[in-house]
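These notes are about the structure you will find just below.
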Amino acid sequence: MIKRYAFGNRFETDTVPVKPEISSGEIPFLTMDQEKLSLTMNLESDDCVYGLGENARGINKRGWIYRSCATDDGNHQEDIVQMYSAHNFLVVNGSVRFGLFVDYPGVVTFDVGYTELNTLSIQLSDLNADFYFITGESVLDIVHQFRQLIGRSYIPPRWAMGFGQSRWGYVNEADVRNVVKRYRELNIPLDSVYLDIDYMDHYKDFTVDPERFPSFSAFVEEMKTQGIHLVPIIDAAVKSEKGYSVCDEGLEKGYFCTKEDGTVFEGAVWPGLSLFPDVLNEEARRWFGDQYKVLLDQGIEGFWNDMNEPAIFYTEDQLESTLEQVSAYQGKKLDLEAFWAMMGLFHGAIHSPDTYSRFYHNVNGRQICHETVHNLYGYNMTRAAGEAFERLSPEKRVLLFSRSSCIGMHRYGGTWMGDNCSWWSHILLNLKMLPSLNMCGFLYTGADIGGFGRNTTEDLVLRWLELGIFTPLMRNHSARLTREQEAYQFTDTDGFRHVISMRYVLLPYIYSEFVKAALRDEMMYRPLAFDYPADDRARGVEDQLMLGDGMMIAPVYVQNAVGRMVYLPETMKLYRFHKDGTTDETVLEAGDHYVSAALSEVILFVRPNHMIPVSDGGHCEREVDFNDIHFLSFPNGKPSVYEYYTDDGVTRNITEDAVIRYRMEVDGSIARMD
Ligand code: GLC
């Protein structure tokens, strides 16, 4: 059951499409302090708190503090408190069980036992908010109700579940051709190459550099004949430059954010001084979305939206004031304290949160300070694109994912987990974020495989791919100046080919489970605790996940490990796919097992009386025959049914009608039912 509690003068976030009636009275279990703008409750030591989408730390969020305040900070250390997105939904499960969604566009802090070990405290910046309180039979039931409330998750075209190669550093046609050539020569599957900011003319959105890509549409077509989709990046801010049509037109129509006095607001991002499309304003949003047409018309079928927290490196005002303050130190003999204070001035000038109080939106004629609606920006930039694609590409799905988001955006696009690092701990962080994001509606997601920042190693990329083959977005991406990490840069070519090819073998299952999760408002990735609520051991497992109907995954994320401990809540069948193409199957009893997994081996587990549809693979998605499937299976005493969703992978018409049922008999034989 869902109850809505409303306070103050709320800003319409458009997160919940159909709102329930407002309930009176107090929110159960939570104590509201109107003066402190907070909600608190005592937790029992065994209570778990799940959710909060993209964030650091565990699947169980207890023991840390999290801030919903979209931030461009690529340093995902263990002690960060905020990331690129704001996902204000959590579930408390233990002595009491409920879900809470804080529908609020400003900064919220979730202190889940950080200040006081056994206290959950939620702090808002003001009390203009809607709270949705959800009770249910289980955590999964609560999540399901929440997902129904917020609307169906975005479904990309199926090719976007193929493997993609990206790097901030491919600057021209020759670079891209080379990537494709190397992959194709080595017979390593590939579906897309991502274009980072260098494809643009001086980082100007919706332009293509005429020298680096002299005939862009022909190039897009050339790539398509090789089964490759090019996916360009779009940044939130628009270069401030006279004569650049997007800038001129936006200025003329008043579609950019302004300062308090109504003059246009400028901040520096990749193109230098830039303007911020007022995507919270409906007319401006439509206009910004229409800009994507110029690339759609050249054959592009997918985009990644970036820098939309929005990231602002500095403003001229801030820089000036910083320089003024720094100049006060000139000629003075500095002690250490003064030196650090001076250095702090420079650090403070970059990505200063204070910037967000200095610009404004125009929403239905009302001037709204950005700070109060900060977390809605990435959502509305992506919504601009998503809404435009419904107009501009009514038949075909368009790939779209964003760095910043809040709940609501899940209807328009996916999200990637931002600028991670080539660290082993980030494989695990990638895994832990999957169920939390699913809870909040984000199904199409994945991390920069191999790590974005810092130098990677061959074994790290391989191990990361062994998780990546299971994530809907499977993209290898890295920052410029870091070690190159395409599969062909390393020695174990057979290993890379094997692991990446496994994605294409598993694609019928991954796609089927993804679409069903979207259609049915369910989680594709679940912690063991959600599927085995009566199993106390399962509650503590944070490095394995249930994937879809019948699979469990347990990737290796430790360097030089040749296997790992795996906890089985029930008997399961282990499938091991060796590099030489052979497969072995072992039934393991419930309990703890050491499972070996050589560097380029793929392991997965099948639940009893379940089947996993697989294909013979292919070099790209269009080579995979989704109608010619066979099954990995674990018959174990009971007949069972698998619901297989398959379609053309392209059109927007996605319904349960496309589900085909297969039945497995006790003897393991499988036949199509209808
Ligand atoms: C941001 C993005 C990253 C991209 C870079 C350059 O850091 O998160 O993915 O490569 O900008 O555009």
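A note on labels: chains of the structure tokens are A, B, ... as shown, every chain counts residues from 1, and ligands are counted from 1 in their shown order.
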Practice problem: Assign secondary structure with DSSP using the backbone only, and return the residues of stretch 1-241 of chain A in alpha helix (DSSP H) as an NGL selection string. | Solution: :A and (139-150 or 173-185 or 216-225)
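Among all protein and nucleic acid residues, the ones that lie within 7 Å of ligand 1 when counting only C-alpha atoms and all ligand atoms are Arg167, Trp168, Asp196, Ile197, Asp306, Met307, Arg403, Gly418, Asp419, Ser478 and Ala479 of chain A.
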File dump, residues just selected, C-alpha atoms, as an mmCIF file, in the first residue's frame:
```cif
data_model
loop_
_atom_site.group_PDB
_atom_site.id
_atom_site.type_symbol
_atom_site.label_atom_id
_atom_site.label_comp_id
_atom_site.auth_asym_id
_atom_site.auth_seq_id
_atom_site.Cartn_x
_atom_site.Cartn_y
_atom_site.Cartn_z
ATOM 1 C CA ARG A 167 37.749 6.169 -25.110
ATOM 2 C CA TRP A 168 38.177 9.858 -24.564
ATOM 3 C CA ASP A 196 33.632 11.480 -26.965
ATOM 4 C CA ILE A 197 33.815 15.284 -27.110
ATOM 5 C CA ASP A 306 27.145 14.129 -20.028
ATOM 6 C CA MET A 307 28.177 16.928 -17.665
ATOM 7 C CA ARG A 403 25.559 10.665 -16.243
ATOM 8 C CA GLY A 418 30.323 7.909 -14.030
ATOM 9 C CA ASP A 419 34.064 8.358 -13.865
ATOM 10 C CA SER A 478 38.729 5.221 -20.427
ATOM 11 C CA ALA A 479 40.082 8.712 -19.980
#
```
Quiz item: What's the 9 Å shell around A:Pro271, counting only C-alpha atoms, without same-chain residues fewer than 3 positions away, as a ChimeraX atom specification?
Solution: /A:202-204,237-240,268,274
Exercise. From a DSSP calculation on the backbone, collect every residue of stretch 357-504 of chain A in strand (DSSP E) and output the set as number ranges by chain.
Key: A: 360-363, 366-369, 399-402, 414-416, 445-446, 448-449, 474-476
Exercise. Pick out the residues sitting within 7 Å of A:Gly164, and hand them over as a list in words; count only C-alpha atoms, and ignore anything fewer than 2 positions along from it in its own chain.
Key: Gly162, Ser166, Leu190, Asp191, Ser192, Val193, Met474, Arg475 and Asn476 of chain A
Could I get the residues of stretch 562-588 of chain A with an atom no further than 9 Å from an atom of stretch 594-618 of chain A, each paired with its nearest atom pair and that distance in Å to one decimal, using only C-alpha atoms, sorted by chain and residue number, as CSV?
```
residue,atom,partner,partner_atom,distance
A:Val562,CA,A:Ala598,CA,5.3
A:Gly563,CA,A:Ser596,CA,3.7
A:Arg564,CA,A:Val595,CA,5.5
A:Met565,CA,A:Tyr594,CA,4.4
A:Val566,CA,A:Tyr594,CA,6.2
A:Tyr567,CA,A:Tyr594,CA,8.9
A:Glu570,CA,A:Arg607,CA,7.8
A:Thr571,CA,A:Pro608,CA,6.8
A:Met572,CA,A:Arg607,CA,4.9
A:Lys573,CA,A:Val606,CA,5.1
A:Leu574,CA,A:Phe605,CA,4.5
A:Tyr575,CA,A:Leu604,CA,5.4
A:Arg576,CA,A:Ile603,CA,4.6
A:Phe577,CA,A:Val602,CA,5.1
A:His578,CA,A:Glu601,CA,5.1
A:Lys579,CA,A:Glu601,CA,6.0
```
Quiz item: Do you have the atom CA of A:Met41-atom CA of A:Gly540 distance handy?
Solution: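 Between these atoms lies a distance of 22.5 Å.
Taking atom CA of A:Val176 and atom CA of A:Cys247 as the two end points, the separation is 28.8 Å.
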Self-check item: stretch 371-383 of chain A environment, 9 Å, only C-alpha atoms, sequence neighbours closer than 4 positions dropped, as a PyMOL selection string
Solution: chain A and resi 11+13+68-70+85-86+104-107+125-126+236+277-280+285+288-289+305-310+353-360+387-388+400-413
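The protein and nucleic acid residues lying at most 9 Å from A:Arg497 are A:Leu186, A:Asn187, A:Ile188, A:Pro189, A:Ala487, A:Lys579, with only C-alpha atoms considered and sequence neighbours fewer than 6 positions away removed.
Contact shell of A:Asn420 at 7 Å (only C-alpha atoms; same-chain neighbours under 2 positions omitted): Gly74, His76, Gly418, His426, Asp448, Gly451, Phe452 and Gly453 of chain A.
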Saved selection, atoms kept: C-alpha atoms, as a PDB file, in the first residue's frame:
```pdb
ATOM      1  CA  GLY A  74      35.325  11.420 -10.360  1.00  0.00           C
ATOM      2  CA  HIS A  76      35.006   7.533  -6.044  1.00  0.00           C
ATOM      3  CA  GLY A 418      30.323   7.909 -14.030  1.00  0.00           C
ATOM      4  CA  HIS A 426      35.456  -0.563  -8.422  1.00  0.00           C
ATOM      5  CA  ASP A 448      33.128   2.092 -17.437  1.00  0.00           C
ATOM      6  CA  GLY A 451      38.087   1.766 -15.295  1.00  0.00           C
ATOM      7  CA  PHE A 452      37.906   5.333 -16.581  1.00  0.00           C
ATOM      8  CA  GLY A 453      40.662   7.077 -14.639  1.00  0.00           C
TER       9      GLY A 453
END
```
Quiz item: How many Å lie between atom CA of A:Thr646 and atom CA of A:Arg672, rounded to one decimal?
Solution: 13.6 Å
Practice problem: For each of A:Phe530, A:Tyr645, A:Phe496, A:Phe313, take the minimum atom-to-atom distance to A:Asn93, counting only C-alpha atoms, then give the residue where this is smallest. | Solution: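 Among A:Phe530, A:Tyr645, A:Phe496, A:Phe313, it is A:Phe530 that comes nearest to A:Asn93.
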Practice problem: Find the residue from A:Val666, A:Leu323, A:Ile80, A:Leu39 that sits nearest to A:Val108; use only C-alpha atoms when measuring. | Solution: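 So, comparing all the options, the nearest one is A:Leu39.
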